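Only one structure is covered here, and it is reproduced in the block below.
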Amino acid sequence: MTITEVSEKLGIPQDTLRYYERIGLIPRVNRNKNGIRDYTEEDCKWVEFIKCMRSAGLPIEILIEYVALFQQGDETIEARKELFIEQRKQLITRIEDMKKTLERLDYKIAVYEQAIVKKEKELRRPEH
């Protein structure tokens with residue numbers, strides 16, 4: 001697949017795909033005889049993985065470290081696992097913080113809804 005096709009398929013700008021490759025966030029993509037990137041299904045899986053991890057808030061530096069460890073082979077399995085365990089803990093904390101924020105927003109919305117209902121009742125009352 002060309003970079004254009006991958007960009008459209010996965011909803012990631014071409015510049016972002018180039019950047020990810022340049023900084024080692026995805027393994028090097030092979031090029032065809034004309035020097036154009038030729039993404040395989042495996043390359044696309046890497047891009048999808050990185051997109052998923054980034055959308056969850058994992059830092060680029062951590063993901064670069066993961067890719068580097070992955071490329072070193074099976075002797076880094078434990079290190080990769082530990083990396084993900086730590087990131088999972090941090091993600092759980094962020095989710096808990098987001099839940100608290102959501103509860104606070106829900107409360108504020110309810111307060112405003114009550115204020116609107118009160119104002120509407122006042123507007124309906126006949127004046128003497």
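Following the order of the structure tokens, chains are lettered A, B, ..., residues in each are numbered from 1, and ligands are numbered from 1.
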
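Omitting Ile26 in chain A and its sequence neighbours fewer than 5 positions away, and counting only C-alpha atoms, the residues within 7 Å are Tyr20, Glu21, Trp46, Val47 and Val67 of chain A.
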
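Across A:Leu17, A:Cys44, A:Ala56, A:Leu25, the tightest approach to Leu91 in chain A is made by A:Ala56 when counting only C-alpha atoms.
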
Top pick for closest residue to Ser7 in chain A, considering A:Tyr39, A:Asn32, A:Ile77, A:Tyr112 and counting only C-alpha atoms: A:Tyr39

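Comparing A:Lys9, A:Lys89, A:Arg37, A:Arg28 by their smallest distance to Ala68 in chain A, the closest is A:Arg28 (using only C-alpha atoms).
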
Straight-line distance linking CA of Glu48 in chain A with CA of Gly35 in chain A, stated in Å to one decimal: 23.3 Å

Contact residues around Asp43 in chain A with only C-alpha atoms at 10 Å, ignoring same-chain residues under 6 positions, as a VMD selection string: chain A and resid 1 6 26 to 30 49

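A straight line drawn from CA of Gly24 in chain A to CA of Phe70 in chain A is 11.6 Å long.
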
Separation of CA of Gln71 in chain A from CA of Pro13 in chain A in Å: 25.1 Å

Given only C-alpha atoms as the counted atoms, nearest of A:Ile62, A:Arg22, A:Leu10, A:Leu105 to Lys45 in chain A: A:Leu10

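Minimum atom-to-atom distances from A:Leu83, A:Thr16, A:Leu69, A:Thr76 to Lys51 in chain A were compared using only C-alpha atoms, and the lowest value belongs to A:Thr16.
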